[in-house]
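Source file model.cif; content: mmCIF, C-alpha atoms.
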```cif
data_run
#
loop_
_atom_site.label_atom_id
_atom_site.label_comp_id
_atom_site.auth_asym_id
_atom_site.auth_seq_id
_atom_site.Cartn_x
_atom_site.Cartn_y
_atom_site.Cartn_z
CA MET A 9 138.28 139.72 122.00
CA SER A 10 134.63 140.64 121.56
CA LYS A 11 131.88 138.14 122.23
CA LEU A 12 131.00 138.00 118.51
CA CYS A 13 134.57 137.31 117.49
CA HIS A 14 134.88 134.67 120.20
CA GLU A 15 131.77 132.83 118.91
CA GLN A 16 133.03 133.00 115.33
CA VAL A 17 136.39 131.55 116.35
CA GLN A 18 134.68 128.87 118.43
CA ALA A 19 132.43 127.88 115.52
CA ALA A 20 135.40 127.68 113.21
CA HIS A 21 137.05 125.17 115.54
CA ASP A 22 133.84 123.20 116.36
CA PRO A 23 133.14 120.61 113.61
CA PHE A 24 129.63 119.92 114.90
CA THR A 25 128.67 123.58 114.90
CA THR A 26 130.13 124.10 111.43
CA THR A 27 128.28 121.06 110.03
CA ALA A 28 125.00 122.13 111.60
CA MET A 29 125.32 125.63 110.16
CA THR A 30 126.13 124.19 106.72
CA THR A 31 123.17 121.79 106.92
CA LEU A 32 120.81 124.55 108.00
CA THR A 33 121.98 126.71 105.10
CA ALA A 34 121.43 123.81 102.67
CA VAL A 35 117.93 123.15 104.01
CA ARG A 36 117.02 126.83 103.71
CA SER A 37 118.34 126.88 100.15
CA ALA A 38 116.36 123.74 99.24
CA LEU A 39 113.18 125.18 100.71
CA ALA A 40 113.72 128.40 98.81
CA VAL A 41 114.20 126.51 95.54
CA ALA A 42 111.07 124.41 96.22
CA ALA A 43 109.07 127.54 96.98
CA LEU A 44 110.28 129.21 93.81
CA SER A 45 109.43 126.08 91.80
CA LEU A 46 105.93 125.99 93.29
CA VAL A 47 105.40 129.66 92.53
CA ALA A 48 106.69 129.15 88.99
CA HIS A 49 104.34 126.17 88.48
CA GLU A 50 101.37 128.10 89.84
CA ALA A 51 102.27 131.06 87.65
CA ALA A 52 102.46 128.79 84.60
CA ALA A 53 99.06 127.17 85.25
CA GLN A 54 96.05 128.78 83.60
CA THR A 55 92.41 127.91 84.13
CA ASP A 56 89.56 128.22 81.68
CA HIS A 57 85.97 127.05 81.25
CA ARG A 58 84.19 126.09 78.04
CA THR A 59 80.59 125.08 77.44
CA LEU A 60 79.63 122.67 74.66
CA SER A 61 76.02 122.47 73.52
CA GLY A 62 74.40 119.72 71.48
CA SER A 63 73.67 116.05 72.06
CA SER A 64 76.95 114.72 70.59
CA ILE A 65 80.29 115.97 71.91
CA ALA A 66 83.95 115.05 71.23
CA ILE A 67 86.95 116.24 73.27
CA TYR A 68 90.64 115.83 72.41
CA ASP A 69 93.61 116.27 74.76
CA LEU A 70 97.13 115.08 73.87
CA ALA A 71 98.60 115.17 77.39
CA GLY A 72 97.14 115.49 80.86
CA HIS A 73 94.78 113.98 83.41
CA VAL A 74 91.13 113.87 82.35
CA ARG A 75 88.14 113.25 84.63
CA VAL A 76 84.58 112.78 83.39
CA GLU A 77 81.86 113.36 85.98
CA GLN A 78 78.12 113.79 86.17
CA GLY A 79 76.97 117.32 85.36
CA THR A 80 73.72 119.26 85.47
CA GLY A 81 71.86 121.48 83.06
CA SER A 82 71.72 120.96 79.32
CA ASP A 83 75.34 121.53 78.21
CA VAL A 84 78.66 119.79 78.72
CA THR A 85 81.05 121.93 80.76
CA VAL A 86 84.82 121.53 80.52
CA GLU A 87 87.06 122.90 83.27
CA ILE A 88 90.54 123.31 81.76
CA THR A 89 93.85 123.75 83.57
CA LEU A 90 96.74 124.49 81.22
CA ALA A 91 100.05 123.80 82.94
CA GLY A 92 103.77 123.52 82.32
CA ARG A 93 106.55 125.90 81.37
CA ASP A 94 105.00 126.57 77.96
CA ALA A 95 101.34 126.55 79.00
CA LYS A 96 100.73 129.94 77.38
CA LYS A 97 101.55 128.42 73.98
CA LEU A 98 98.53 126.10 74.09
CA SER A 99 95.23 127.09 72.52
CA ILE A 100 91.67 125.81 72.83
CA ASP A 101 89.59 125.26 69.69
CA VAL A 102 85.82 124.78 69.94
CA GLY A 103 83.57 124.12 66.96
CA GLU A 104 81.63 121.56 64.96
CA LEU A 105 83.51 118.84 63.10
CA ARG A 106 81.83 116.01 61.24
CA GLY A 107 78.50 116.49 62.97
CA ARG A 108 79.83 116.79 66.52
CA ASN A 109 80.58 119.79 68.68
CA THR A 110 84.24 119.43 69.59
CA LEU A 111 86.84 120.83 71.96
CA ARG A 112 90.49 120.39 71.02
CA ILE A 113 93.60 121.35 72.97
CA ARG A 114 96.06 122.51 70.31
CA TYR A 115 99.85 122.38 70.63
CA PRO A 116 102.25 124.61 68.65
CA ASP A 117 104.59 121.79 67.57
CA ASP A 118 104.85 118.01 67.41
CA ASP A 119 107.35 117.51 70.26
CA ILE A 120 105.57 117.66 73.63
CA VAL A 121 107.22 117.31 77.03
CA TYR A 122 104.96 115.85 79.72
CA PRO A 123 106.99 115.13 82.91
CA ASP A 124 104.36 112.78 84.38
CA LEU A 125 105.21 110.32 81.61
CA GLY A 126 108.59 109.64 83.24
CA ARG A 127 112.06 110.91 82.44
CA TRP A 128 113.03 108.17 79.98
CA SER A 129 109.60 107.40 78.53
CA ASN A 130 108.15 108.51 75.22
CA THR A 131 105.34 107.63 72.85
CA ASP A 132 104.25 108.78 69.43
CA PHE A 133 101.20 108.50 67.18
CA ARG A 134 99.55 110.30 64.30
CA ILE A 135 96.88 112.97 64.47
CA ASN A 136 94.92 114.90 61.86
CA SER A 137 95.69 118.49 60.96
CA ASP A 138 92.53 119.62 62.78
CA GLY A 139 93.76 118.13 66.07
CA THR A 140 91.56 115.01 66.03
CA TRP A 141 92.42 111.34 65.94
CA GLY A 142 90.95 107.90 66.50
CA GLY A 143 87.48 106.39 66.47
CA SER A 144 84.69 107.13 64.04
CA ASP A 145 85.96 110.70 63.74
CA ARG A 146 89.01 109.45 61.85
CA ASP A 147 89.89 111.14 58.55
CA ASP A 148 91.33 109.34 55.55
CA ASP A 149 94.74 110.85 56.36
CA ASP A 150 94.79 109.19 59.79
CA ARG A 151 94.87 105.53 58.86
CA GLY A 152 98.51 104.79 59.39
CA TRP A 153 100.10 106.48 56.38
CA GLY A 154 98.93 110.10 56.58
CA GLY A 155 98.46 112.82 59.16
CA HIS A 156 101.42 114.08 61.11
CA ARG A 157 103.35 112.36 63.84
CA VAL A 158 103.32 113.71 67.39
CA ARG A 159 105.91 112.67 69.94
CA ILE A 160 105.24 112.95 73.68
CA LYS A 161 108.13 112.41 76.09
CA GLY A 162 108.89 112.78 79.77
CA SER A 163 111.86 115.10 79.36
CA GLY A 164 114.01 116.87 76.78
CA SER A 165 113.39 119.57 74.23
CA GLY A 166 109.96 120.54 72.99
CA THR A 167 106.82 122.25 74.24
CA GLU A 168 106.56 121.50 77.96
CA ALA A 169 102.83 121.86 78.47
CA TRP A 170 99.73 119.82 79.15
CA ALA A 171 96.04 120.24 79.92
CA ASP A 172 94.16 118.68 82.83
CA LEU A 173 90.43 118.48 82.17
CA ARG A 174 87.35 118.02 84.33
CA ILE A 175 84.39 117.26 82.07
CA LEU A 176 80.88 117.59 83.50
CA VAL A 177 78.35 115.61 81.46
CA PRO A 178 74.56 115.96 81.92
CA ALA A 179 72.39 112.87 81.65
CA GLY A 180 71.50 111.58 78.20
CA LYS A 181 74.47 113.01 76.28
CA ASP A 182 76.74 111.20 73.82
CA VAL A 183 80.32 112.15 74.68
CA ALA A 184 83.62 110.91 73.24
CA VAL A 185 86.91 111.73 74.97
CA TYR A 186 90.26 111.07 73.29
CA THR A 187 93.56 111.42 75.16
CA GLY A 188 97.13 110.89 74.06
CA VAL A 189 99.08 110.38 77.30
CA GLY A 190 97.75 110.52 80.84
CA GLU A 191 95.07 109.10 83.08
CA LEU A 192 91.49 109.02 81.80
CA GLY A 193 88.57 108.24 84.11
CA ALA A 194 84.79 108.47 84.35
CA THR A 195 82.77 108.29 87.57
CA ARG A 196 79.00 108.01 88.02
CA VAL A 197 78.01 109.37 84.64
CA ASN A 198 74.58 108.69 83.14
CA ALA A 199 75.36 109.09 79.45
CA ASP A 200 76.77 107.28 76.42
CA LEU A 201 80.57 107.44 76.68
CA ARG A 202 83.50 106.68 74.43
CA LEU A 203 86.78 106.87 76.37
CA SER A 204 89.95 106.33 74.36
CA ALA A 205 93.55 106.67 75.57
CA ALA A 206 96.42 106.22 73.12
CA SER A 207 98.81 105.58 76.01
CA GLY A 208 97.47 105.57 79.53
CA HIS A 209 95.16 103.90 82.01
CA VAL A 210 91.38 104.12 81.65
CA THR A 211 89.14 103.71 84.70
CA VAL A 212 85.36 103.66 84.83
CA ASN A 213 83.17 103.48 87.93
CA GLY A 214 79.40 103.57 88.25
CA THR A 215 78.30 104.58 84.75
CA LYS A 216 74.95 104.04 83.03
CA GLY A 217 74.72 104.11 79.26
CA ASN A 218 76.53 102.67 76.28
CA LEU A 219 80.25 102.50 76.97
CA ILE A 220 83.36 102.12 74.85
CA ALA A 221 86.57 102.18 76.91
CA SER A 222 89.87 101.51 75.15
CA ALA A 223 93.60 101.95 75.67
CA GLY A 224 96.17 101.56 72.93
CA SER A 225 98.90 100.98 75.50
CA GLY A 226 97.74 100.71 79.08
CA GLY A 227 95.10 98.94 81.10
CA VAL A 228 91.33 99.35 81.31
CA GLU A 229 89.52 98.94 84.62
CA VAL A 230 85.72 99.06 84.86
CA ARG A 231 83.62 98.63 87.97
CA SER A 232 79.84 98.86 88.05
CA ALA A 233 78.76 99.81 84.53
CA ALA A 234 75.45 99.12 82.81
CA GLY A 235 74.32 99.79 79.24
CA ASP A 236 72.93 98.21 76.10
CA ASP A 237 76.32 98.09 74.36
CA ILE A 238 79.57 97.87 76.32
CA ARG A 239 82.98 97.38 74.70
CA LEU A 240 86.26 97.27 76.61
CA SER A 241 89.62 96.83 74.89
CA SER A 242 93.35 97.25 75.27
CA GLY A 243 96.05 96.84 72.64
CA SER A 244 98.77 96.25 75.21
CA GLY A 245 97.64 95.90 78.80
CA GLY A 246 95.06 94.04 80.82
CA VAL A 247 91.32 94.57 81.21
CA THR A 248 89.55 94.21 84.55
CA ALA A 249 85.75 94.26 84.60
CA ASN A 250 83.62 93.80 87.71
CA ASP A 251 79.83 94.11 88.01
CA VAL A 252 79.39 95.02 84.35
CA SER A 253 76.13 94.36 82.52
CA GLY A 254 74.97 94.99 78.97
CA LYS A 255 72.80 93.47 76.31
CA GLN A 256 76.04 93.12 74.35
CA LEU A 257 79.36 92.92 76.19
CA ARG A 258 82.65 92.76 74.30
CA ILE A 259 86.06 92.55 76.00
CA SER A 260 89.34 92.17 74.11
CA THR A 261 93.09 92.56 74.55
CA GLY A 262 95.97 92.20 72.13
CA SER A 263 98.53 91.52 74.82
CA GLY A 264 97.39 91.30 78.42
CA GLY A 265 94.99 89.25 80.47
CA VAL A 266 91.29 89.68 81.19
CA THR A 267 89.85 89.26 84.67
CA GLY A 268 86.26 89.82 85.66
CA SER A 269 83.48 89.02 88.08
CA GLY A 270 79.76 89.70 88.02
CA LEU A 271 79.51 89.98 84.23
CA SER A 272 75.97 89.87 82.87
CA SER A 273 74.96 90.01 79.21
CA ASP A 274 72.62 88.55 76.63
CA ASP A 275 75.65 88.17 74.37
CA LEU A 276 79.16 87.92 75.88
CA ASN A 277 82.36 87.83 73.81
CA VAL A 278 85.81 87.88 75.43
CA SER A 279 89.03 87.49 73.44
CA VAL A 280 92.68 87.62 74.51
CA GLY A 281 95.59 87.60 72.09
CA SER A 282 98.25 86.78 74.65
CA GLY A 283 97.43 86.34 78.32
CA SER A 284 95.06 84.49 80.61
CA LEU A 285 91.28 84.84 80.77
CA HIS A 286 89.61 84.48 84.17
CA ILE A 287 85.93 85.36 84.74
CA ASP A 288 83.64 84.33 87.60
CA ASP A 289 80.01 84.73 88.63
CA THR A 290 79.03 85.22 84.99
CA ARG A 291 75.46 85.31 83.71
CA SER A 292 74.97 85.00 79.96
CA PRO A 293 73.12 82.52 77.76
CA ASP A 294 75.36 83.09 74.72
CA VAL A 295 79.13 83.10 75.36
CA ARG A 296 82.28 83.09 73.24
CA LEU A 297 85.70 82.98 74.91
CA SER A 298 89.08 82.78 73.20
CA ALA A 299 92.76 83.11 74.07
CA GLY A 300 95.79 82.75 71.82
CA SER A 301 98.04 81.73 74.70
CA GLY A 302 97.22 81.52 78.39
CA GLY A 303 94.76 79.58 80.47
CA ILE A 304 91.00 80.09 80.42
CA ARG A 305 88.94 79.80 83.60
CA ALA A 306 85.24 80.66 83.42
CA GLY A 307 82.63 80.31 86.13
CA PHE A 308 78.90 80.72 85.42
CA ALA A 309 76.13 81.45 87.90
CA SER A 310 73.27 80.74 85.47
CA PRO A 311 72.65 78.19 82.69
CA VAL A 312 74.41 78.66 79.36
CA LYS A 313 72.57 77.88 76.13
CA SER A 314 75.56 78.33 73.82
CA LEU A 315 79.19 78.24 74.95
CA ASP A 316 82.13 78.35 72.55
CA VAL A 317 85.64 78.28 74.07
CA SER A 318 88.90 78.31 72.11
CA ASN A 319 92.43 78.32 73.53
CA GLY A 320 95.61 78.06 71.50
CA SER A 321 97.89 77.15 74.38
CA GLY A 322 96.80 76.54 77.96
CA GLY A 323 94.21 74.65 79.92
CA VAL A 324 90.47 75.33 80.02
CA THR A 325 88.29 75.08 83.13
CA VAL A 326 84.57 75.81 82.88
CA THR A 327 82.34 75.77 85.96
CA LEU A 328 78.58 75.50 85.38
CA PRO A 329 75.45 75.30 87.55
CA GLY A 330 74.01 71.86 88.18
CA ALA A 331 71.22 72.13 85.59
CA VAL A 332 73.09 71.74 82.29
CA ASN A 333 71.51 70.61 79.04
CA ALA A 334 73.79 70.65 76.02
CA GLU A 335 75.37 68.85 73.14
CA VAL A 336 79.05 68.62 74.05
CA ASP A 337 82.02 68.76 71.67
CA VAL A 338 85.40 68.91 73.42
CA ALA A 339 88.84 68.48 71.85
CA THR A 340 92.41 69.11 72.97
CA GLY A 341 95.71 68.72 71.14
CA SER A 342 97.40 67.40 74.26
CA GLY A 343 95.95 66.94 77.71
CA SER A 344 93.07 65.17 79.39
CA ILE A 345 89.31 65.76 79.31
CA ASP A 346 87.48 65.59 82.62
CA SER A 347 83.81 66.25 83.48
CA ASP A 348 81.81 66.40 86.71
CA PHE A 349 78.65 66.02 84.61
CA PRO A 350 77.44 62.64 83.37
CA ILE A 351 77.86 62.64 79.60
CA THR A 352 76.14 60.30 77.19
CA VAL A 353 79.08 59.70 74.86
CA ASN A 354 78.46 59.52 71.13
CA ARG A 355 82.09 59.56 70.10
CA MET A 356 85.25 59.19 72.14
CA GLU A 357 88.79 59.40 70.82
CA ARG A 358 92.11 60.00 72.54
CA HIS A 359 91.78 63.78 72.75
CA GLN A 360 88.19 64.36 71.63
CA LEU A 361 84.80 63.76 73.16
CA ARG A 362 81.33 64.23 71.70
CA GLY A 363 78.19 63.58 73.64
CA GLN A 364 75.21 64.97 75.49
CA ILE A 365 74.48 66.35 78.94
CA GLY A 366 70.82 66.28 80.00
CA ASP A 367 68.40 66.73 77.13
CA GLY A 368 71.07 68.21 74.82
CA SER A 369 69.06 71.36 74.07
CA GLY A 370 72.08 73.67 74.41
CA HIS A 371 75.56 73.72 72.89
CA ILE A 372 79.02 73.51 74.45
CA ARG A 373 82.08 73.49 72.22
CA ILE A 374 85.62 73.65 73.68
CA ARG A 375 88.93 73.59 71.82
CA SER A 376 92.38 73.63 73.41
CA GLY A 377 95.53 73.38 71.33
CA SER A 378 97.62 72.42 74.32
CA GLY A 379 96.26 71.79 77.81
CA SER A 380 93.61 69.85 79.69
CA VAL A 381 89.88 70.61 79.59
CA GLN A 382 87.74 70.39 82.72
CA LEU A 383 83.97 70.75 83.10
CA ARG A 384 83.17 71.44 86.75
CA LYS A 385 79.86 71.56 88.59
CA LEU A 386 79.13 74.65 90.68
#
```
With the file now loaded, output its structure as structure tokens.
Amino acid sequence: MSKLCHEQVQAAHDPFTTTAMTTLTAVRSALAVAALSLVAHEAAAQTDHRTLSGSSIAIYDLAGHVRVEQGTGSDVTVEITLAGRDAKKLSIDVGELRGRNTLRIRYPDDDIVYPDLGRWSNTDFRINSDGTWGGSDRDDDDRGWGGHRVRIKGSGSGTEAWADLRILVPAGKDVAVYTGVGELGATRVNADLRLSAASGHVTVNGTKGNLIASAGSGGVEVRSAAGDDIRLSSGSGGVTANDVSGKQLRISTGSGGVTGSGLSSDDLNVSVGSGSLHIDDTRSPDVRLSAGSGGIRAGFASPVKSLDVSNGSGGVTVTLPGAVNAEVDVATGSGSIDSDFPITVNRMERHQLRGQIGDGSGHIRIRSGSGSVQLRKL
């Protein structure tokens, strides 16, 4: 018997050798499939660049990851990567709409497959016929009863394509970015920004300028932002804000908590539909805080001239610096009222207290439907 035949016979009767050969073959096959998949993905991806002139810009992308970064020169530059099995079916429209120079990623149908969404996940919303939606650019046919419905899902039939964008914004611009599904973020941009995600997470870091950051479904996270007018909101999902300052600062959620530290504003308004509200190291003379259900905890590093706190269900704890001067009006449906500050009481009932701290030049009003109220000294 030849040596080759002998080795073949031996392998056939050696379970370990047979298993090893089978495993090696499987590994090689898997690597080949992975390589083919990578090549196919790279072949499907297409890159493009567009330049948008003008002071006011709007960009629309139904699916994909979008990054907004500081740019140079006088124009906004958009680096576009079209990806997915049907990437070639996507088109890019650029032109003026309602006084703004716009870029819109257009899809050939209303069923879009975006694998990053997750195999069993899907979302839908309405868009205008020109490929816009949301914000001040909204048409009359996009107010809940018109427009056409777009469905984005993680798997199944439809156009499997998406667009990843890198948007370079020079200083002083006014730029609005609207996304359907995917991550949306801005880093170290010196411009007025409106960042809106229908379904996805919005992150902001180190921006200067007016800022509107909102998520219909998904959280909003902002760190180190400064501007005259800053508004952060989420329909369903929490908002986290750290080291944020603005002449006006508005934070709101429909369902989801708000946490923050280092907030500074001439006029601070935070509202939570359902969820807790926790802010610390806050500096603002005029403050309004409200929560439908969930506790409120607010710590202030500077005196407050006017503080209005309302909580439907849950306790309220407010921590203030030692120098407090205010008329005080505190009431709770059930729960105790406790204060570290000496209060000259004008009226005291079972669950309500009216009085004065210091010279009474400011105003503190706290309402809790259910839960105790505590005034703590820093």
Inset, instruction - Take CA of Gly208 in chain A and CA of Asp138 in chain A and report the distance between them in Å, one decimal. - result: 22.4 Å
Inset, instruction - Run the PyMOL selection byres ((chain A and resi 320) around 10) mentally over the shown coordinates, then write out the matched residues as a PyMOL selection string, using the chain letters and numbers from the document. - result: chain A and resi 281-282+298-303+318-319+321-323+340-341+375-379
Inset, instruction - Using all atoms listed in the file, find the one residue out of A:Val324, A:Ala223, A:Val252, A:Ala179 that sits nearest to Asp237 in chain A. - result: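 Going through A:Val324, A:Ala223, A:Val252, A:Ala179 one by one, the smallest distance to Asp237 in chain A is for A:Val252.
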Legend entry - Expansion of the PyMOL selection byres ((chain A and resi 207) around 9) into residues, as a PyMOL selection string: chain A and resi 131+187-191+205-206+208-209+223-226
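What separates CA of Ser63 in chain A from CA of Arg75 in chain A is a distance of 19.4 Å.
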Legend entry - Point-to-point distance in Å for CA of Thr267 in chain A and CA of Val247 in chain A: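 Result for CA of Val247 in chain A versus CA of Thr267 in chain A: 6.5 Å, one decimal.
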Legend entry - Result set of the PyMOL selection byres ((chain A and resi 270) around 12) on the coordinates above, as an NGL selection string: :A and (230-234 or 248-254 or 267-269 or 271-273 or 286-292 or 306-310)
Inset, instruction - Give as a ChimeraX atom specification the set of residues within 12 Å of the point (83.9, 64.2, 74.3), where distances use the file's coordinates and only C-alpha atoms. - result: /A:335-340,344-347,349-365,372-375,381-383
Could you write those residues out with C-alpha atoms, as a PDB file, in the frame of the given file?
```pdb
ATOM      1  CA  GLU A 335      75.370  68.850  73.140  1.00  0.00           C
ATOM      2  CA  VAL A 336      79.050  68.620  74.050  1.00  0.00           C
ATOM      3  CA  ASP A 337      82.020  68.760  71.670  1.00  0.00           C
ATOM      4  CA  VAL A 338      85.400  68.910  73.420  1.00  0.00           C
ATOM      5  CA  ALA A 339      88.840  68.480  71.850  1.00  0.00           C
ATOM      6  CA  THR A 340      92.410  69.110  72.970  1.00  0.00           C
ATOM      7  CA  SER A 344      93.070  65.170  79.390  1.00  0.00           C
ATOM      8  CA  ILE A 345      89.310  65.760  79.310  1.00  0.00           C
ATOM      9  CA  ASP A 346      87.480  65.590  82.620  1.00  0.00           C
ATOM     10  CA  SER A 347      83.810  66.250  83.480  1.00  0.00           C
ATOM     11  CA  PHE A 349      78.650  66.020  84.610  1.00  0.00           C
ATOM     12  CA  PRO A 350      77.440  62.640  83.370  1.00  0.00           C
ATOM     13  CA  ILE A 351      77.860  62.640  79.600  1.00  0.00           C
ATOM     14  CA  THR A 352      76.140  60.300  77.190  1.00  0.00           C
ATOM     15  CA  VAL A 353      79.080  59.700  74.860  1.00  0.00           C
ATOM     16  CA  ASN A 354      78.460  59.520  71.130  1.00  0.00           C
ATOM     17  CA  ARG A 355      82.090  59.560  70.100  1.00  0.00           C
ATOM     18  CA  MET A 356      85.250  59.190  72.140  1.00  0.00           C
ATOM     19  CA  GLU A 357      88.790  59.400  70.820  1.00  0.00           C
ATOM     20  CA  ARG A 358      92.110  60.000  72.540  1.00  0.00           C
ATOM     21  CA  HIS A 359      91.780  63.780  72.750  1.00  0.00           C
ATOM     22  CA  GLN A 360      88.190  64.360  71.630  1.00  0.00           C
ATOM     23  CA  LEU A 361      84.800  63.760  73.160  1.00  0.00           C
ATOM     24  CA  ARG A 362      81.330  64.230  71.700  1.00  0.00           C
ATOM     25  CA  GLY A 363      78.190  63.580  73.640  1.00  0.00           C
ATOM     26  CA  GLN A 364      75.210  64.970  75.490  1.00  0.00           C
ATOM     27  CA  ILE A 365      74.480  66.350  78.940  1.00  0.00           C
ATOM     28  CA  ILE A 372      79.020  73.510  74.450  1.00  0.00           C
ATOM     29  CA  ARG A 373      82.080  73.490  72.220  1.00  0.00           C
ATOM     30  CA  ILE A 374      85.620  73.650  73.680  1.00  0.00           C
ATOM     31  CA  ARG A 375      88.930  73.590  71.820  1.00  0.00           C
ATOM     32  CA  VAL A 381      89.880  70.610  79.590  1.00  0.00           C
ATOM     33  CA  GLN A 382      87.740  70.390  82.720  1.00  0.00           C
ATOM     34  CA  LEU A 383      83.970  70.750  83.100  1.00  0.00           C
TER      35      LEU A 383
END
```
N, CA and C atoms modelled onto range 285-303 of chain A, as a PDB file, in the frame of the given file:
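Everything below was put into out.pdb:
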```pdb
ATOM      1  N   LEU A 285      92.658  84.353  80.729  1.00  0.00           N
ATOM      2  CA  LEU A 285      91.280  84.840  80.770  1.00  0.00           C
ATOM      3  C   LEU A 285      90.599  84.185  81.969  1.00  0.00           C
ATOM      4  N   HIS A 286      90.246  84.985  82.957  1.00  0.00           N
ATOM      5  CA  HIS A 286      89.610  84.480  84.170  1.00  0.00           C
ATOM      6  C   HIS A 286      88.354  85.305  84.468  1.00  0.00           C
ATOM      7  N   ILE A 287      87.188  84.685  84.390  1.00  0.00           N
ATOM      8  CA  ILE A 287      85.930  85.360  84.740  1.00  0.00           C
ATOM      9  C   ILE A 287      85.126  84.453  85.670  1.00  0.00           C
ATOM     10  N   ASP A 288      84.438  85.074  86.632  1.00  0.00           N
ATOM     11  CA  ASP A 288      83.640  84.330  87.600  1.00  0.00           C
ATOM     12  C   ASP A 288      82.283  84.994  87.769  1.00  0.00           C
ATOM     13  N   ASP A 289      81.339  84.218  88.335  1.00  0.00           N
ATOM     14  CA  ASP A 289      80.010  84.730  88.630  1.00  0.00           C
ATOM     15  C   ASP A 289      79.392  85.397  87.393  1.00  0.00           C
ATOM     16  N   THR A 290      79.476  84.686  86.277  1.00  0.00           N
ATOM     17  CA  THR A 290      79.030  85.220  84.990  1.00  0.00           C
ATOM     18  C   THR A 290      77.626  84.733  84.660  1.00  0.00           C
ATOM     19  N   ARG A 291      76.832  85.645  84.109  1.00  0.00           N
ATOM     20  CA  ARG A 291      75.460  85.310  83.710  1.00  0.00           C
ATOM     21  C   ARG A 291      75.255  85.721  82.254  1.00  0.00           C
ATOM     22  N   SER A 292      75.198  84.730  81.382  1.00  0.00           N
ATOM     23  CA  SER A 292      74.970  85.000  79.960  1.00  0.00           C
ATOM     24  C   SER A 292      74.562  83.707  79.276  1.00  0.00           C
ATOM     25  N   PRO A 293      73.525  83.737  78.462  1.00  0.00           N
ATOM     26  CA  PRO A 293      73.120  82.520  77.760  1.00  0.00           C
ATOM     27  C   PRO A 293      73.969  82.210  76.526  1.00  0.00           C
ATOM     28  N   ASP A 294      74.606  83.243  75.974  1.00  0.00           N
ATOM     29  CA  ASP A 294      75.360  83.090  74.720  1.00  0.00           C
ATOM     30  C   ASP A 294      76.769  83.624  74.945  1.00  0.00           C
ATOM     31  N   VAL A 295      77.776  82.725  74.935  1.00  0.00           N
ATOM     32  CA  VAL A 295      79.130  83.100  75.360  1.00  0.00           C
ATOM     33  C   VAL A 295      80.155  82.591  74.357  1.00  0.00           C
ATOM     34  N   ARG A 296      81.118  83.482  74.033  1.00  0.00           N
ATOM     35  CA  ARG A 296      82.280  83.090  73.240  1.00  0.00           C
ATOM     36  C   ARG A 296      83.538  83.589  73.955  1.00  0.00           C
ATOM     37  N   LEU A 297      84.458  82.656  74.220  1.00  0.00           N
ATOM     38  CA  LEU A 297      85.700  82.980  74.910  1.00  0.00           C
ATOM     39  C   LEU A 297      86.862  82.441  74.095  1.00  0.00           C
ATOM     40  N   SER A 298      87.917  83.257  73.948  1.00  0.00           N
ATOM     41  CA  SER A 298      89.080  82.780  73.200  1.00  0.00           C
ATOM     42  C   SER A 298      90.361  83.403  73.751  1.00  0.00           C
ATOM     43  N   ALA A 299      91.447  82.629  73.664  1.00  0.00           N
ATOM     44  CA  ALA A 299      92.760  83.110  74.070  1.00  0.00           C
ATOM     45  C   ALA A 299      93.802  82.474  73.167  1.00  0.00           C
ATOM     46  N   GLY A 300      94.733  83.292  72.668  1.00  0.00           N
ATOM     47  CA  GLY A 300      95.790  82.750  71.820  1.00  0.00           C
ATOM     48  C   GLY A 300      96.773  81.922  72.637  1.00  0.00           C
ATOM     49  N   SER A 301      97.166  82.461  73.788  1.00  0.00           N
ATOM     50  CA  SER A 301      98.040  81.730  74.700  1.00  0.00           C
ATOM     51  C   SER A 301      97.743  82.183  76.120  1.00  0.00           C
ATOM     52  N   GLY A 302      97.589  81.231  77.012  1.00  0.00           N
ATOM     53  CA  GLY A 302      97.220  81.520  78.390  1.00  0.00           C
ATOM     54  C   GLY A 302      96.002  80.723  78.774  1.00  0.00           C
ATOM     55  N   GLY A 303      95.877  80.400  80.019  1.00  0.00           N
ATOM     56  CA  GLY A 303      94.760  79.580  80.470  1.00  0.00           C
ATOM     57  C   GLY A 303      93.443  80.322  80.455  1.00  0.00           C
TER      58      GLY A 303
END
```
